[in-house]
Amino acid sequence: MYWSKSFIYTAKKAPAEAESISHKLMLRTSMIKMLISGVYSYLPFGLRVLDNINKIIREEMNASGAQELLLPALQPIEIWQKTKRDEQLGEVMIRFQDRRGRKLCLGPTHEEVITELVSRYVQSYRDLPVILYQIQTKFRDELRPRFGIVRSCEFFMKDAYSFDKDIEGLNKIYDRMYEAYENIFRRCGLNFLSIKADPGVIGGDISHEFLVPAESGEDVVYKCSGCGHFQGEQEAETKLCPHCKKNMIKVNALEVGHVFKLGTKYSDVFNLKYLDESGKENPVIMGCYGIGISRLIPAIIEQNNDKDGIIWPKEVAPYDVLVLPVNITDKDIFDSSKKVYEVLKKKKIKAILDDRDLRAGIKFKDADLLGIPLIVTIGAKFLKDKKLEIKSRRTKEVKFFDIDQIDKVIRDAK
RNA sequence: CGGGGAGUGGCUCAGUUUGGAUUAGAGCGCAGCGUUCGGGACGCUGAGGUCAUGGGUUCAAGUCCCAUCUCCCCGACCA
């Protein structure tokens, strides 16, 4: 991508509406734009990050044996009345009638729809276990949307649902999902913790929350003032770190994932049963597993930034490399930059070329703001000794390489 | 929904207290020209505004009054 042709706009200042660091940086880099309170457009730069996160999620979910499907966002109220969650969710659910007078809502979550769906197919123990997931838009009429896409009324979620014969089966899947979640959050470059949580309106016996310590978080966790170890509220009774015995201090955290052991709450309502080997009828045991994908983006930014801007973790970075010609009016410099860009492109490395006719200082500032992990500066030095000058956004280290070493540099980059 | 704050070019804001001659301004950004060009240069020129909306008071309203809408923060709520 040539920057001059892209829909990337940078701003020195964030609009006054933004309070949190992540929100400010997302606005300053044209990742998102508010339409109304709690409703945002994802612009190309932001969408690239979202796509990368989705890719990680799909890889880990598929590896864990889950299959992707896509459920409707438009749902009839009746299925919600069956589980009584119609009342529980109340005003959170966005409801309306269509021209035939059908009572509909925009799905705030999908336990009802998936259970109803699966009940149409699963009949035998031979069909189990099965894990299905989707990446979809959820709609919730939040009382107070805040911090950009941290809490919004329309957001992306990955929700998975597991179906198995018995509790042992559920426990196995639950552990597997838990593991998949750890992989996902680790690959997203997050420092996270998980704690036992209240299942709330979703239901079930046991649930775990995945929390990302971040300034704009709405939950509270404890952090060791010595070694930095994190703990949930429930575990931090002693107020002393289990490792180094220093004091634990309160810090904010963002909930980015939640896994639930549902049991038969939904299968009972939708008559989701199977016949076992002996021909006996049993209820299907369910679990559900959510990741707040939209929220993951601000969570990542909250943990990966400095005074100059974002520092994308490698796997979620919208581009791997930013090629920065110091002066495009110098034909040699610009031509070399284009050549470098073409080589990167051939190697399938995601690169953006800052071909804007601007002073170098502005380009360096913008490069830091965007947070692309590697910045290749092309100037007089390159013309002289033909070595790529590669700066790590995170470590600020500058090193020189031959262009055919670029694959390795990117692989080794942090 | 309770409490607080704010709406003036794309962005940040001044002007509102005490209504009038400021012809609605500045900086940034944007467009053009020129000098610059390895960490947010500079000069000149230019475009861009129903002062959130609707009523009202007045000879006169960005400024005063009433209503409404929108946004932000705190609280309550929250998978």
# chains A, B, ... in the order shown; residues from 1 in each chain; ligands from 1
>>> closest_atom_pairs(of="chain B", to="chain A", cutoff="9 Å", atoms="only C-alpha atoms (C1' of nucleotides)", output="Markdown table")
| residue | atom | partner | partner_atom | distance |
| --- | --- | --- | --- | --- |
| B:C1 | C1' | A:Leu143 | CA | 8.9 |
| B:C11 | C1' | A:Pro15 | CA | 6.7 |
| B:U12 | C1' | A:Lys13 | CA | 7.5 |
| B:C28 | C1' | A:Lys12 | CA | 8.4 |
| B:G29 | C1' | A:Ala11 | CA | 8.5 |
| B:C37 | C1' | A:Arg359 | CA | 5.8 |
| B:G38 | C1' | A:Ala360 | CA | 6.4 |
| B:G39 | C1' | A:Gly361 | CA | 4.1 |
| B:G40 | C1' | A:Ile362 | CA | 4.8 |
| B:A41 | C1' | A:Arg359 | CA | 8.6 |
| B:U70 | C1' | A:Ile36 | CA | 8.8 |
| B:C71 | C1' | A:Glu17 | CA | 7.1 |
| B:C72 | C1' | A:Glu17 | CA | 5.5 |
| B:C73 | C1' | A:Glu19 | CA | 8.9 |
| B:C77 | C1' | A:Leu143 | CA | 7.0 |
| B:C78 | C1' | A:Glu142 | CA | 7.7 |
| B:A79 | C1' | A:Ile202 | CA | 6.6 |
>>> write_last_selection(atoms="N, CA and C atoms (P, O5', C5', C4', C3', O3' and C1' of nucleotides)", output="tab-separated table (two decimals), in the first residue's frame")
chain	number	residue	atom	x	y	z
B	1	C	P	-34.71	8.60	30.41
B	1	C	O5'	-34.05	8.40	31.85
B	1	C	C5'	-34.89	8.19	32.96
B	1	C	C4'	-34.08	7.96	34.20
B	1	C	C3'	-33.20	9.12	34.68
B	1	C	O3'	-33.93	10.15	35.30
B	1	C	C1'	-32.04	7.07	34.95
B	11	C	P	-14.50	18.45	13.62
B	11	C	O5'	-13.00	18.49	14.15
B	11	C	C5'	-12.33	17.29	14.53
B	11	C	C4'	-10.99	17.64	15.12
B	11	C	C3'	-11.03	18.58	16.30
B	11	C	O3'	-11.29	17.90	17.51
B	11	C	C1'	-9.40	19.34	14.77
B	12	U	P	-11.92	18.70	18.73
B	12	U	O5'	-10.72	19.66	19.17
B	12	U	C5'	-9.58	19.12	19.84
B	12	U	C4'	-8.67	20.25	20.25
B	12	U	C3'	-9.34	21.33	21.09
B	12	U	O3'	-9.40	20.97	22.46
B	12	U	C1'	-8.06	22.34	19.37
B	28	C	P	-0.21	27.44	12.41
B	28	C	O5'	-0.80	25.96	12.53
B	28	C	C5'	-0.18	24.99	13.36
B	28	C	C4'	-1.05	23.77	13.49
B	28	C	C3'	-1.39	23.06	12.18
B	28	C	O3'	-0.34	22.22	11.72
B	28	C	C1'	-3.34	23.28	13.49
B	29	G	P	-0.07	22.09	10.15
B	29	G	O5'	-1.42	21.41	9.64
B	29	G	C5'	-1.70	20.06	9.95
B	29	G	C4'	-3.08	19.69	9.45
B	29	G	C3'	-3.31	19.88	7.96
B	29	G	O3'	-2.85	18.76	7.22
B	29	G	C1'	-5.10	20.84	9.15
B	37	C	P	17.70	22.11	2.71
B	37	C	O5'	16.89	20.91	3.37
B	37	C	C5'	16.37	21.04	4.70
B	37	C	C4'	15.40	19.91	4.91
B	37	C	C3'	16.01	18.56	4.61
B	37	C	O3'	15.69	17.64	5.62
B	37	C	C1'	14.06	18.89	3.30
B	38	G	P	16.80	16.88	6.44
B	38	G	O5'	15.73	16.24	7.43
B	38	G	C5'	15.30	14.92	7.23
B	38	G	C4'	15.64	14.11	8.45
B	38	G	C3'	16.86	14.59	9.21
B	38	G	O3'	16.71	14.35	10.60
B	38	G	C1'	17.18	12.39	8.44
B	39	G	P	16.04	15.42	11.57
B	39	G	O5'	14.51	14.98	11.32
B	39	G	C5'	13.47	15.94	11.31
B	39	G	C4'	12.56	15.70	12.50
B	39	G	C3'	13.13	16.13	13.84
B	39	G	O3'	12.06	16.61	14.64
B	39	G	C1'	12.57	13.87	13.93
B	40	G	P	11.68	18.19	14.39
B	40	G	O5'	10.50	18.07	13.34
B	40	G	C5'	9.34	17.36	13.71
B	40	G	C4'	8.21	17.82	12.83
B	40	G	C3'	7.75	19.25	13.08
B	40	G	O3'	7.27	19.74	11.83
B	40	G	C1'	5.97	17.75	13.47
B	41	A	P	8.17	20.60	10.88
B	41	A	O5'	8.69	21.85	11.70
B	41	A	C5'	8.20	23.12	11.40
B	41	A	C4'	9.34	24.00	10.92
B	41	A	C3'	8.87	25.32	10.37
B	41	A	O3'	8.69	26.24	11.43
B	41	A	C1'	10.37	24.34	8.85
B	70	U	P	-30.61	12.75	21.60
B	70	U	O5'	-29.13	13.20	21.25
B	70	U	C5'	-28.65	13.15	19.91
B	70	U	C4'	-27.32	13.81	19.81
B	70	U	C3'	-26.26	13.29	20.77
B	70	U	O3'	-25.67	12.10	20.30
B	70	U	C1'	-26.23	15.66	20.79
B	71	C	P	-25.13	11.00	21.34
B	71	C	O5'	-23.77	11.67	21.84
B	71	C	C5'	-22.68	11.81	20.94
B	71	C	C4'	-21.60	12.62	21.58
B	71	C	C3'	-21.10	12.11	22.93
B	71	C	O3'	-20.20	11.04	22.79
B	71	C	C1'	-21.45	14.44	23.06
B	72	C	P	-20.08	9.97	23.97
B	72	C	O5'	-19.21	10.76	25.04
B	72	C	C5'	-17.87	11.13	24.76
B	72	C	C4'	-17.33	11.97	25.88
B	72	C	C3'	-17.41	11.34	27.26
B	72	C	O3'	-16.38	10.42	27.50
B	72	C	C1'	-18.18	13.57	27.37
B	73	C	P	-16.64	9.20	28.51
B	73	C	O5'	-16.52	9.91	29.92
B	73	C	C5'	-15.29	10.49	30.34
B	73	C	C4'	-15.49	11.21	31.65
B	73	C	C3'	-16.10	10.35	32.76
B	73	C	O3'	-15.14	9.54	33.40
B	73	C	C1'	-17.20	12.43	32.67
B	77	C	P	-25.39	-1.55	40.48
B	77	C	O5'	-25.76	-1.73	38.95
B	77	C	C5'	-27.09	-2.10	38.57
B	77	C	C4'	-27.18	-2.16	37.06
B	77	C	C3'	-26.29	-3.20	36.39
B	77	C	O3'	-26.85	-4.49	36.41
B	77	C	C1'	-26.08	-1.15	35.27
B	78	C	P	-25.90	-5.76	36.67
B	78	C	O5'	-25.08	-5.84	35.33
B	78	C	C5'	-25.75	-6.10	34.09
B	78	C	C4'	-24.80	-5.89	32.94
B	78	C	C3'	-23.53	-6.74	32.98
B	78	C	O3'	-23.76	-8.05	32.49
B	78	C	C1'	-22.97	-4.50	32.49
B	79	A	P	-23.37	-9.28	33.48
B	79	A	O5'	-22.88	-10.43	32.51
B	79	A	C5'	-23.71	-11.17	31.70
B	79	A	C4'	-22.81	-11.88	30.73
B	79	A	C3'	-21.34	-11.54	30.92
B	79	A	O3'	-20.74	-12.46	31.80
B	79	A	C1'	-21.98	-11.18	28.68
>>> select_by_dssp(residues="stretch 59-113 of chain A", states="strand (DSSP E or B)", output="list in words")
Gln67, Glu68, Leu74, Gln75, Pro76, Ile94, Arg95, Phe96, Gln97, Lys103, Leu104, Cys105 and Leu106 of chain A
>>> select_by_dssp(residues="stretch 59-286 of chain A", states="alpha helix (DSSP H)", output="VMD selection string")
chain A and resid 59 to 63 77 to 82 85 to 89 111 to 119 167 to 187 265 to 269
>>> residues_around(residues="A:Ile390", least_positions_apart="3", cutoff="9 Å", atoms="only C-alpha atoms (C1' of nucleotides)", output="PyMOL selection string")
chain A and resi 374-377+397-401+409
>>> residues_around(residues="B:G34", least_positions_apart="3", cutoff="12 Å", atoms="only C-alpha atoms (C1' of nucleotides)", output="PyMOL selection string")
chain B and resi 42-45
>>> residues_around(residues="A:Gln75", least_positions_apart="3", cutoff="9 Å", atoms="only C-alpha atoms (C1' of nucleotides)", output="list in words")
Pro72, Glu78, Ile79, Trp80, Lys103, Leu104, Cys105, Leu106, Gly107 and Val113 of chain A
